[in-house]
$ cat data.txt   # compact mmCIF, C-alpha atoms
# COMPACT_ATOMS: atom_id res chain seq x y z
CA MET A 305 23.19 -0.93 -14.33
CA LEU A 306 20.01 0.80 -15.52
CA PRO A 307 20.27 3.93 -17.71
CA GLN A 308 20.47 7.35 -16.05
CA LEU A 309 17.03 8.79 -15.35
CA HIS A 310 15.89 12.34 -15.99
CA ARG A 311 16.00 14.24 -12.68
CA HIS A 312 12.61 15.73 -11.89
CA PRO A 313 12.37 18.77 -9.60
CA TRP A 314 10.94 16.59 -6.83
CA MET A 315 14.17 14.57 -6.78
CA ASP A 316 16.19 17.21 -4.90
CA ASP A 317 19.09 16.86 -2.47
CA ASP A 318 16.84 16.97 0.60
CA ILE A 319 14.77 14.03 -0.55
CA GLU A 320 17.89 12.05 -1.43
CA THR A 321 19.24 12.65 2.07
CA PHE A 322 15.90 11.48 3.44
CA ARG A 323 16.02 8.39 1.22
CA SER A 324 19.48 7.49 2.50
CA SER A 325 18.30 7.81 6.10
CA VAL A 326 15.28 5.60 5.47
CA ARG A 327 17.34 3.02 3.58
CA ARG A 328 19.85 2.71 6.42
CA TYR A 329 17.07 2.30 8.97
CA VAL A 330 15.24 -0.30 6.89
CA GLU A 331 18.40 -2.30 6.25
CA HIS A 332 19.54 -2.33 9.89
CA GLU A 333 16.32 -2.28 11.91
CA LEU A 334 13.61 -3.93 9.80
CA ALA A 335 15.11 -6.28 7.19
CA PRO A 336 16.93 -8.53 9.71
CA HIS A 337 13.62 -9.40 11.39
CA LEU A 338 11.58 -10.13 8.27
CA ASP A 339 12.00 -13.91 8.36
CA ALA A 340 10.60 -14.06 11.90
CA TRP A 341 7.75 -11.72 11.01
CA ARG A 342 6.85 -13.83 7.99
CA ARG A 343 6.70 -16.94 10.14
CA GLN A 344 4.43 -15.33 12.73
CA GLY A 345 2.27 -13.63 10.09
CA PHE A 346 2.52 -10.01 11.20
CA ILE A 347 4.83 -7.14 12.09
CA PRO A 348 4.28 -6.05 15.73
CA ARG A 349 2.73 -2.60 16.04
CA ASP A 350 5.51 -1.38 18.35
CA VAL A 351 7.95 -1.70 15.45
CA TRP A 352 6.52 1.44 13.92
CA ARG A 353 7.09 3.73 16.94
CA PRO A 354 10.82 4.22 16.19
CA PHE A 355 9.97 4.60 12.50
CA GLY A 356 7.64 7.43 13.50
CA GLU A 357 10.37 8.98 15.62
CA LEU A 358 12.61 8.90 12.56
CA GLY A 359 9.97 11.00 10.78
CA ALA A 360 9.34 8.31 8.20
CA LEU A 361 5.86 7.11 9.12
CA LEU A 362 3.84 10.11 7.89
CA PRO A 363 6.33 12.79 6.80
CA GLU A 364 3.74 14.35 4.51
CA LEU A 365 1.35 15.41 7.27
CA ASP A 366 1.28 18.96 8.61
CA VAL A 367 3.72 20.10 11.29
CA GLU A 368 0.85 20.94 13.65
CA TYR A 369 0.06 17.21 13.87
CA GLY A 370 3.68 16.10 14.25
CA GLY A 371 4.53 15.55 10.59
CA SER A 372 7.19 17.34 8.57
CA GLY A 373 4.84 19.10 6.17
CA ALA A 374 6.75 17.45 3.33
CA SER A 375 5.41 16.65 -0.11
CA LEU A 376 3.77 13.33 -0.91
CA ALA A 377 6.98 12.34 -2.65
CA TYR A 378 8.55 11.70 0.75
CA GLN A 379 6.02 9.01 1.60
CA LEU A 380 6.48 7.49 -1.84
CA VAL A 381 10.23 7.33 -1.23
CA VAL A 382 9.51 5.49 2.03
CA GLN A 383 7.43 2.94 0.11
CA ASP A 384 10.18 2.62 -2.50
CA GLU A 385 12.74 1.71 0.15
CA LEU A 386 10.43 -0.62 2.07
CA ALA A 387 9.47 -2.53 -1.08
CA ARG A 388 13.09 -2.87 -2.13
CA ALA A 389 13.76 -4.61 1.20
CA GLU A 390 10.61 -6.81 0.92
CA VAL A 391 8.82 -5.04 3.78
CA PRO A 392 5.04 -5.25 3.08
CA ALA A 393 2.69 -2.32 2.55
CA THR A 394 1.68 -1.85 6.20
CA THR A 395 2.63 1.82 6.25
CA ALA A 396 1.09 2.50 2.83
CA VAL A 397 -2.32 1.51 4.21
CA HIS A 398 -1.54 3.59 7.30
CA SER A 399 -0.84 6.60 5.08
CA ILE A 400 -4.01 6.23 3.01
CA ALA A 401 -6.24 5.96 6.07
CA SER A 402 -4.46 8.86 7.76
CA HIS A 403 -5.14 11.01 4.72
CA TYR A 404 -8.84 10.23 4.96
CA ILE A 405 -8.75 11.78 8.42
CA ALA A 406 -6.39 14.62 7.47
CA ASP A 407 -8.38 15.63 4.38
CA CYS A 408 -11.95 14.78 5.41
CA GLY A 409 -12.00 14.87 9.20
CA THR A 410 -13.32 17.60 11.44
CA PRO A 411 -10.77 19.77 13.31
CA GLU A 412 -11.47 17.79 16.49
CA GLN A 413 -10.97 14.46 14.71
CA LYS A 414 -7.65 15.63 13.28
CA ARG A 415 -6.40 16.79 16.68
CA ARG A 416 -7.58 13.56 18.27
CA TRP A 417 -6.01 11.01 15.93
CA LEU A 418 -3.37 12.48 13.62
CA PRO A 419 -0.59 13.11 16.18
CA ARG A 420 -0.87 9.52 17.40
CA LEU A 421 -0.80 8.24 13.82
CA VAL A 422 2.32 10.27 13.03
CA SER A 423 4.12 9.04 16.15
CA GLY A 424 3.22 5.39 15.61
CA GLU A 425 1.24 5.17 18.84
CA MET A 426 -1.65 4.20 16.60
CA LEU A 427 -1.61 2.00 13.50
CA VAL A 428 -4.65 2.36 11.27
CA GLY A 429 -6.38 0.08 8.79
CA ILE A 430 -9.15 0.58 6.24
CA ALA A 431 -12.21 -1.68 6.36
CA LEU A 432 -13.95 -1.39 3.01
CA THR A 433 -14.00 -4.88 1.46
CA GLU A 434 -16.68 -7.37 2.53
CA PRO A 435 -17.15 -11.09 1.83
CA GLY A 436 -19.48 -10.28 -1.06
CA CYS A 437 -18.14 -6.87 -2.05
CA GLY A 438 -14.71 -5.89 -3.33
CA SER A 439 -14.21 -3.05 -5.79
CA ASP A 440 -17.91 -2.11 -5.74
CA LEU A 441 -18.04 0.01 -2.59
CA LYS A 442 -21.65 0.97 -3.31
CA ALA A 443 -22.67 -2.64 -2.59
CA ILE A 444 -21.50 -2.77 1.04
CA ARG A 445 -23.92 -4.29 3.57
CA THR A 446 -22.30 -3.43 6.91
CA ARG A 447 -24.72 -1.01 8.54
CA ALA A 448 -24.34 1.79 11.08
CA ARG A 449 -27.65 2.71 12.74
CA ARG A 450 -27.99 6.01 14.62
CA ASP A 451 -29.10 5.52 18.22
CA GLY A 452 -29.07 8.78 20.11
CA ASP A 453 -25.49 10.00 20.42
CA GLU A 454 -24.05 6.74 19.08
CA TYR A 455 -23.88 4.61 15.97
CA VAL A 456 -24.52 0.88 16.26
CA ILE A 457 -22.51 -1.08 13.70
CA ASP A 458 -23.35 -4.57 12.47
CA GLY A 459 -21.65 -6.52 9.69
CA SER A 460 -18.33 -7.99 8.63
CA LYS A 461 -15.28 -7.14 6.58
CA MET A 462 -12.81 -9.28 4.67
CA PHE A 463 -9.12 -9.04 3.62
CA ILE A 464 -8.33 -6.17 5.99
CA THR A 465 -4.66 -5.19 6.22
CA ASN A 466 -3.56 -4.02 9.70
CA GLY A 467 -6.79 -5.46 11.07
CA TYR A 468 -4.89 -7.61 13.55
CA THR A 469 -2.04 -5.31 14.57
CA GLY A 470 -3.82 -1.99 14.17
CA ASN A 471 -5.71 -0.16 16.91
CA LEU A 472 -7.57 2.35 14.74
CA LEU A 473 -9.89 1.51 11.88
CA VAL A 474 -11.68 3.51 9.19
CA VAL A 475 -14.87 1.56 8.48
CA ALA A 476 -17.22 1.98 5.53
CA ALA A 477 -20.80 1.39 6.63
CA ARG A 478 -24.25 2.01 5.27
CA THR A 479 -26.00 4.83 7.11
CA GLY A 480 -28.66 5.42 4.49
CA ASP A 481 -30.37 3.89 1.49
CA SER A 482 -28.72 1.75 -1.18
CA GLY A 483 -26.20 3.34 -3.50
CA SER A 484 -23.17 5.55 -2.95
CA ARG A 485 -25.04 8.29 -1.09
CA GLY A 486 -25.93 5.91 1.71
CA VAL A 487 -22.28 5.14 2.59
CA SER A 488 -20.39 6.79 5.45
CA LEU A 489 -16.98 6.33 7.02
CA LEU A 490 -16.63 5.88 10.78
CA VAL A 491 -13.39 5.82 12.75
CA LEU A 492 -13.10 3.15 15.47
CA GLU A 493 -10.58 2.87 18.27
CA THR A 494 -10.64 -0.91 18.40
CA GLU A 495 -8.77 -1.88 21.58
CA ASN A 496 -11.20 -3.44 24.06
CA LEU A 497 -14.16 -2.32 21.94
CA PRO A 498 -17.27 -4.37 22.86
CA GLY A 499 -18.77 -6.26 19.93
CA PHE A 500 -15.67 -5.90 17.75
CA THR A 501 -13.97 -9.19 16.88
CA VAL A 502 -10.86 -9.91 14.85
CA GLY A 503 -11.28 -13.20 13.02
CA ARG A 504 -8.59 -15.52 11.79
CA ARG A 505 -5.44 -14.24 10.17
CA LEU A 506 -5.83 -15.34 6.57
CA GLU A 507 -3.16 -17.53 4.96
CA LYS A 508 -2.05 -15.81 1.79
CA LEU A 509 0.00 -16.75 -1.26
CA GLY A 510 2.49 -14.00 -0.43
CA GLN A 511 2.94 -10.92 1.76
CA HIS A 512 3.33 -13.23 4.75
CA ALA A 513 4.60 -10.51 7.10
CA SER A 514 1.46 -8.45 6.54
CA ASP A 515 -1.54 -9.35 8.67
CA THR A 516 -4.76 -9.76 6.70
CA VAL A 517 -7.92 -10.68 8.59
CA GLU A 518 -11.66 -10.97 8.77
CA LEU A 519 -13.43 -8.48 11.04
CA PHE A 520 -16.83 -8.77 12.69
CA PHE A 521 -19.09 -6.07 14.14
CA ASP A 522 -21.85 -7.19 16.48
CA SER A 523 -23.77 -4.14 17.75
CA VAL A 524 -20.53 -2.16 18.06
CA ARG A 525 -21.27 1.25 19.55
CA VAL A 526 -19.20 4.33 18.72
CA PRO A 527 -19.90 8.02 19.44
CA VAL A 528 -21.53 10.11 16.73
CA GLY A 529 -18.36 12.21 16.84
CA ASN A 530 -16.53 9.32 15.15
CA LEU A 531 -18.43 9.90 11.89
CA LEU A 532 -15.68 11.10 9.55
CA GLY A 533 -16.37 14.68 8.56
CA GLY A 534 -19.43 14.86 10.80
CA GLN A 535 -21.94 14.34 8.00
CA GLU A 536 -23.60 11.16 6.76
CA GLY A 537 -23.49 10.00 3.15
CA LEU A 538 -20.02 11.30 2.28
CA GLY A 539 -18.20 7.98 2.61
CA PHE A 540 -18.02 7.15 -1.08
CA VAL A 541 -16.66 10.57 -2.00
CA GLN A 542 -14.20 10.46 0.92
CA ALA A 543 -12.94 7.02 -0.06
CA MET A 544 -12.45 8.15 -3.65
CA SER A 545 -10.76 11.44 -2.73
CA GLN A 546 -7.22 10.06 -2.60
CA LEU A 547 -7.26 7.83 -5.67
CA PRO A 548 -4.34 9.31 -7.66
CA TYR A 549 -2.12 9.23 -4.56
CA GLU A 550 -3.26 5.71 -3.63
CA ARG A 551 -2.41 4.45 -7.10
CA MET A 552 1.11 5.87 -6.72
CA LEU A 553 1.45 3.97 -3.45
CA LEU A 554 1.02 0.80 -5.52
CA CYS A 555 3.13 1.85 -8.50
CA MET A 556 6.20 2.84 -6.52
CA PRO A 557 6.63 -0.60 -4.90
CA ALA A 558 6.05 -2.21 -8.30
CA VAL A 559 9.02 -0.30 -9.72
CA ALA A 560 11.20 -1.04 -6.69
CA VAL A 561 10.52 -4.76 -6.89
CA VAL A 562 11.19 -4.95 -10.62
CA GLU A 563 14.48 -3.09 -10.30
CA ARG A 564 15.57 -5.31 -7.43
CA ALA A 565 14.55 -8.45 -9.30
CA VAL A 566 16.70 -7.45 -12.27
CA GLU A 567 19.65 -6.66 -10.00
CA LEU A 568 19.42 -10.02 -8.25
CA THR A 569 19.08 -11.91 -11.50
CA VAL A 570 22.05 -10.23 -13.12
CA GLU A 571 24.16 -11.14 -10.08
CA TYR A 572 22.93 -14.73 -10.06
CA THR A 573 23.37 -15.40 -13.78
CA LYS A 574 26.93 -14.05 -13.68
CA SER A 575 27.91 -16.55 -10.99
CA ARG A 576 25.81 -19.59 -11.96
CA LYS A 577 27.55 -22.04 -14.32
CA ALA A 578 25.91 -24.32 -16.87
CA PHE A 579 27.56 -26.31 -19.68
CA GLY A 580 30.94 -24.81 -18.92
CA GLN A 581 29.93 -21.17 -18.95
CA SER A 582 27.95 -18.70 -16.85
CA LEU A 583 24.23 -18.28 -17.49
CA ALA A 584 24.98 -14.66 -18.34
CA ASP A 585 27.01 -15.83 -21.35
CA PHE A 586 23.94 -17.35 -23.01
CA GLN A 587 22.22 -15.10 -25.54
CA ASN A 588 18.78 -15.98 -24.20
CA THR A 589 19.75 -14.78 -20.72
CA ARG A 590 21.20 -11.53 -22.02
CA PHE A 591 18.20 -10.82 -24.24
CA LYS A 592 15.71 -11.59 -21.47
CA LEU A 593 17.47 -9.34 -19.00
CA ALA A 594 17.82 -6.60 -21.61
CA GLU A 595 14.04 -6.68 -22.00
CA CYS A 596 13.50 -6.66 -18.22
CA ALA A 597 15.92 -3.77 -17.71
CA THR A 598 14.20 -1.75 -20.44
CA ILE A 599 10.79 -2.24 -18.88
CA ALA A 600 12.17 -1.34 -15.45
CA HIS A 601 13.58 1.89 -16.88
CA VAL A 602 10.31 2.80 -18.59
CA MET A 603 8.38 2.04 -15.39
CA ARG A 604 10.62 4.25 -13.28
CA THR A 605 10.45 7.07 -15.82
CA PHE A 606 6.65 6.86 -16.00
CA VAL A 607 6.23 6.76 -12.23
CA ASN A 608 8.68 9.61 -11.63
CA ASP A 609 6.71 11.72 -14.08
CA CYS A 610 3.44 10.80 -12.34
CA ILE A 611 4.93 11.79 -8.98
CA GLN A 612 5.95 15.16 -10.36
CA ARG A 613 2.43 15.68 -11.69
CA LEU A 614 0.97 14.56 -8.35
CA ILE A 615 3.04 17.14 -6.46
CA ASP A 616 2.11 19.82 -8.99
CA GLY A 617 -1.58 18.96 -8.58
CA LYS A 618 -1.85 17.88 -12.20
CA LEU A 619 -2.06 14.07 -11.98
CA ASP A 620 -5.40 13.14 -13.50
CA ALA A 621 -7.23 10.02 -12.37
CA GLU A 622 -6.92 8.31 -15.75
CA ALA A 623 -3.13 8.56 -15.77
CA ALA A 624 -3.07 7.12 -12.26
CA TYR A 625 -5.28 4.22 -13.39
CA MET A 626 -2.94 3.59 -16.33
CA ALA A 627 0.10 3.61 -14.07
CA LYS A 628 -1.50 1.24 -11.58
CA TRP A 629 -2.49 -1.48 -14.02
CA TRP A 630 0.56 -1.19 -16.27
CA CYS A 631 3.17 -1.16 -13.52
CA THR A 632 1.64 -3.98 -11.50
CA GLU A 633 1.11 -6.07 -14.65
CA HIS A 634 4.79 -5.75 -15.48
CA GLN A 635 5.80 -6.35 -11.88
CA CYS A 636 4.26 -9.81 -12.13
CA ARG A 637 5.68 -10.43 -15.58
CA ILE A 638 9.25 -9.39 -14.75
CA THR A 639 9.44 -11.28 -11.46
CA ASP A 640 8.26 -14.36 -13.37
CA GLU A 641 10.90 -13.89 -16.09
CA CYS A 642 13.62 -13.40 -13.48
CA LEU A 643 12.52 -16.40 -11.43
CA GLN A 644 12.79 -18.56 -14.56
CA LEU A 645 16.46 -17.65 -14.90
CA PHE A 646 17.11 -18.89 -11.37
CA GLY A 647 15.86 -22.34 -12.35
CA GLY A 648 14.93 -24.61 -9.45
CA TYR A 649 16.51 -22.26 -6.93
CA GLY A 650 14.02 -19.61 -7.97
CA TYR A 651 11.20 -21.78 -6.63
CA MET A 652 12.75 -21.94 -3.16
CA THR A 653 11.42 -19.34 -0.74
CA GLU A 654 14.86 -18.90 0.82
CA TYR A 655 15.68 -16.97 -2.36
CA PRO A 656 14.28 -13.42 -2.51
CA ILE A 657 13.11 -13.84 -6.10
CA ALA A 658 10.62 -16.55 -5.05
CA ARG A 659 9.17 -14.33 -2.32
CA MET A 660 9.03 -11.34 -4.64
CA TYR A 661 7.17 -13.42 -7.23
CA ALA A 662 4.56 -14.52 -4.68
CA ASP A 663 4.27 -11.08 -3.06
CA SER A 664 3.77 -9.38 -6.43
CA ARG A 665 0.65 -11.25 -7.49
CA VAL A 666 -1.75 -9.35 -5.21
CA GLN A 667 -0.71 -6.04 -6.76
CA LYS A 668 -2.99 -6.72 -9.74
CA ILE A 669 -5.91 -7.30 -7.35
CA TYR A 670 -5.93 -4.88 -4.45
CA GLY A 671 -6.22 -1.12 -4.68
CA GLY A 672 -8.74 -1.66 -7.47
CA ALA A 673 -8.38 -4.73 -9.68
CA ASN A 674 -6.60 -4.11 -12.97
CA GLU A 675 -9.76 -4.96 -14.89
CA ILE A 676 -11.49 -2.11 -13.03
CA MET A 677 -8.61 0.23 -13.91
CA LYS A 678 -8.97 -0.58 -17.61
CA ASP A 679 -12.72 -0.08 -17.48
CA LEU A 680 -12.29 3.33 -15.86
CA ILE A 681 -9.78 4.34 -18.54
CA ALA A 682 -12.14 3.16 -21.27
CA ARG A 683 -15.04 5.16 -19.83
CA LYS A 684 -13.02 8.33 -20.30
CA LEU A 685 -12.07 7.32 -23.82
CA PHE A 686 -15.69 6.83 -24.85
CA GLU A 687 -17.28 9.85 -23.16

$ encode --input "data.txt" --output "structure tokens"
Amino acid sequence: MLPQLHRHPWMDDDIETFRSSVRRYVEHELAPHLDAWRRQGFIPRDVWRPFGELGALLPELDVEYGGSGASLAYQLVVQDELARAEVPATTAVHSIASHYIADCGTPEQKRRWLPRLVSGEMLVGIALTEPGCGSDLKAIRTRARRDGDEYVIDGSKMFITNGYTGNLLVVAARTGDSGSRGVSLLVLETENLPGFTVGRRLEKLGQHASDTVELFFDSVRVPVGNLLGGQEGLGFVQAMSQLPYERMLLCMPAVAVVERAVELTVEYTKSRKAFGQSLADFQNTRFKLAECATIAHVMRTFVNDCIQRLIDGKLDAEAAYMAKWWCTEHQCRITDECLQLFGGYGYMTEYPIARMYADSRVQKIYGGANEIMKDLIARKLFE
């Protein structure tokens, strides 16, 4: 058992009741279907309608749009419980994109899309990355040309989560000259949209229940009213506006996975016999798991503190960058250490530790590669 954590003000009785409700739902309604969803390569969009009815899809959005008006901690608790059960980050992407609309959209755009995002009628993805452009958003080449009361979009996107199952998409496109000031975000309702094509579902190392695809735009026409915020050239600022919160959406699952990996490994090593004794009786096993448990405790403490600062409006970008790279780095390290203690069984995907190991690796890449996080931290140090 991990040491007792300091109870932050955000960890009140209401949020613990909410956590229990989400955990029960995930265990009974989502987890039993994960094997089938991994095999088919996606979670059907309709799965999220009941989750929305539970109030767990976007609890942090305002009541006027169907949310609960809760703090961001509620969404982070949802991600904690989903990650613990090995459910991929489908709803984390949904939350980020919804916040783009909630925080940057016009009143009409909010009324048009947010209620359907809260209910689960719509599932949204974010189309930023391109075949030749990852963390450098200023280098995007997809273009949106103004033609009367419409924008005409041409280009392609790569590695897009929810691109296959989603029916709403926030797309970064170039509406002006090169550089960040020429980037805008447009919102597309993608069902039966002429010129919009979903490419192949990409075969990934892990996260097999999460659909990740290529997207193509061939003279796709959308109304001018779909320009997020109603003004061109704000896309880069809009995309960067949620960075501290987005980093927490990556850190929370990292902690959940590490804690679960330690739990599973303790259970396994207590029951597995070798040379006449349990693996847990060997000093190497005990020392390794002591190290893993310590790191898990430090991770949870750090992330809980960051969440409190986020809610208080005091989480600076640099601390969020630190949390993202450090937590995801240790997520990969600890799942590797735990897998080693399972021996050959740890390499079999029927064991959760093998899936957790494979699923963890992308955490150091997406949401801003860890090398980018370190560079951003260093820039602040050397100002």

$ closest_residue --input "data.txt" --among "A:Gly648, A:Gly529, A:Glu567, A:Lys678" --to "Glu412 (chain A)" --atoms "only C-alpha atoms"
A:Gly529

$ atom_distance --input "data.txt" --atom1 "CA of Asp679 (chain A)" --atom2 "CA of Lys628 (chain A)"
12.7 Å

$ atom_distance --input "data.txt" --atom1 "CA of Leu497 (chain A)" --atom2 "CA of Leu361 (chain A)"
25.6 Å

$ residues_around --input "data.txt" --residues "Cys631 (chain A)" --least-positions-apart "2" --cutoff "9 Å" --atoms "only C-alpha atoms" --output "PyMOL selection string"
chain A and resi 554-556+558-559+603+607+626-629+633-636

$ write_last_selection --input "data.txt" --atoms "C-alpha atoms" --output "CSV table (one decimal), in the coordinates of the input"
chain,number,residue,atom,x,y,z
A,554,LEU,CA,1.0,0.8,-5.5
A,555,CYS,CA,3.1,1.8,-8.5
A,556,MET,CA,6.2,2.8,-6.5
A,558,ALA,CA,6.0,-2.2,-8.3
A,559,VAL,CA,9.0,-0.3,-9.7
A,603,MET,CA,8.4,2.0,-15.4
A,607,VAL,CA,6.2,6.8,-12.2
A,626,MET,CA,-2.9,3.6,-16.3
A,627,ALA,CA,0.1,3.6,-14.1
A,628,LYS,CA,-1.5,1.2,-11.6
A,629,TRP,CA,-2.5,-1.5,-14.0
A,633,GLU,CA,1.1,-6.1,-14.6
A,634,HIS,CA,4.8,-5.8,-15.5
A,635,GLN,CA,5.8,-6.4,-11.9
A,636,CYS,CA,4.3,-9.8,-12.1

$ closest_residue --input "data.txt" --among "A:Gly537, A:Ala374, A:Thr639, A:Ala393" --to "Pro557 (chain A)" --atoms "only C-alpha atoms"
A:Ala393

$ residues_around --input "data.txt" --residues "region 398-410 of chain A" --least-positions-apart "2" --cutoff "7 Å" --atoms "only C-alpha atoms" --output "ChimeraX atom specification"
/A:362,394-396,412-414,418,427-430,474,532-534,542,550

$ residues_around --input "data.txt" --residues "region 504-511 of chain A" --least-positions-apart "2" --cutoff "9 Å" --atoms "all atoms listed in the file" --output "PyMOL selection string"
chain A and resi 342+345+390-393+463+467-468+502+513-519+659-666

$ write_last_selection --input "data.txt" --atoms "C-alpha atoms" --output "PDB file, keeping the file's coordinate frame"
ATOM      1  CA  ARG A 342       6.850 -13.830   7.990  1.00  0.00           C
ATOM      2  CA  GLY A 345       2.270 -13.630  10.090  1.00  0.00           C
ATOM      3  CA  GLU A 390      10.610  -6.810   0.920  1.00  0.00           C
ATOM      4  CA  VAL A 391       8.820  -5.040   3.780  1.00  0.00           C
ATOM      5  CA  PRO A 392       5.040  -5.250   3.080  1.00  0.00           C
ATOM      6  CA  ALA A 393       2.690  -2.320   2.550  1.00  0.00           C
ATOM      7  CA  PHE A 463      -9.120  -9.040   3.620  1.00  0.00           C
ATOM      8  CA  GLY A 467      -6.790  -5.460  11.070  1.00  0.00           C
ATOM      9  CA  TYR A 468      -4.890  -7.610  13.550  1.00  0.00           C
ATOM     10  CA  VAL A 502     -10.860  -9.910  14.850  1.00  0.00           C
ATOM     11  CA  ALA A 513       4.600 -10.510   7.100  1.00  0.00           C
ATOM     12  CA  SER A 514       1.460  -8.450   6.540  1.00  0.00           C
ATOM     13  CA  ASP A 515      -1.540  -9.350   8.670  1.00  0.00           C
ATOM     14  CA  THR A 516      -4.760  -9.760   6.700  1.00  0.00           C
ATOM     15  CA  VAL A 517      -7.920 -10.680   8.590  1.00  0.00           C
ATOM     16  CA  GLU A 518     -11.660 -10.970   8.770  1.00  0.00           C
ATOM     17  CA  LEU A 519     -13.430  -8.480  11.040  1.00  0.00           C
ATOM     18  CA  ARG A 659       9.170 -14.330  -2.320  1.00  0.00           C
ATOM     19  CA  MET A 660       9.030 -11.340  -4.640  1.00  0.00           C
ATOM     20  CA  TYR A 661       7.170 -13.420  -7.230  1.00  0.00           C
ATOM     21  CA  ALA A 662       4.560 -14.520  -4.680  1.00  0.00           C
ATOM     22  CA  ASP A 663       4.270 -11.080  -3.060  1.00  0.00           C
ATOM     23  CA  SER A 664       3.770  -9.380  -6.430  1.00  0.00           C
ATOM     24  CA  ARG A 665       0.650 -11.250  -7.490  1.00  0.00           C
ATOM     25  CA  VAL A 666      -1.750  -9.350  -5.210  1.00  0.00           C
TER      26      VAL A 666
END

$ atom_distance --input "data.txt" --atom1 "CA of Pro307 (chain A)" --atom2 "CA of His601 (chain A)"
7.0 Å

$ residues_around --input "data.txt" --residues "Tyr455 (chain A)" --least-positions-apart "6" --cutoff "10 Å" --atoms "all atoms listed in the file" --output "list of chain:residue names"
A:Arg447, A:Ala448, A:Arg449, A:Thr479, A:Leu490, A:Ser523, A:Val524, A:Arg525, A:Val526, A:Pro527, A:Val528, A:Gly529, A:Asn530, A:Leu531

$ residues_around --input "data.txt" --residues "Arg353 (chain A)" --least-positions-apart "3" --cutoff "8 Å" --atoms "all atoms listed in the file" --output "number ranges by chain"
A: 349-350, 356-357, 423-425

$ closest_residue --input "data.txt" --among "A:Trp341, A:Arg564, A:Gly483, A:Lys668" --to "Ala387 (chain A)" --atoms "only C-alpha atoms"
A:Arg564

$ closest_residue --input "data.txt" --among "A:Ala600, A:Leu376, A:Val570, A:Met677" --to "Gly617 (chain A)" --atoms "only C-alpha atoms"
A:Leu376
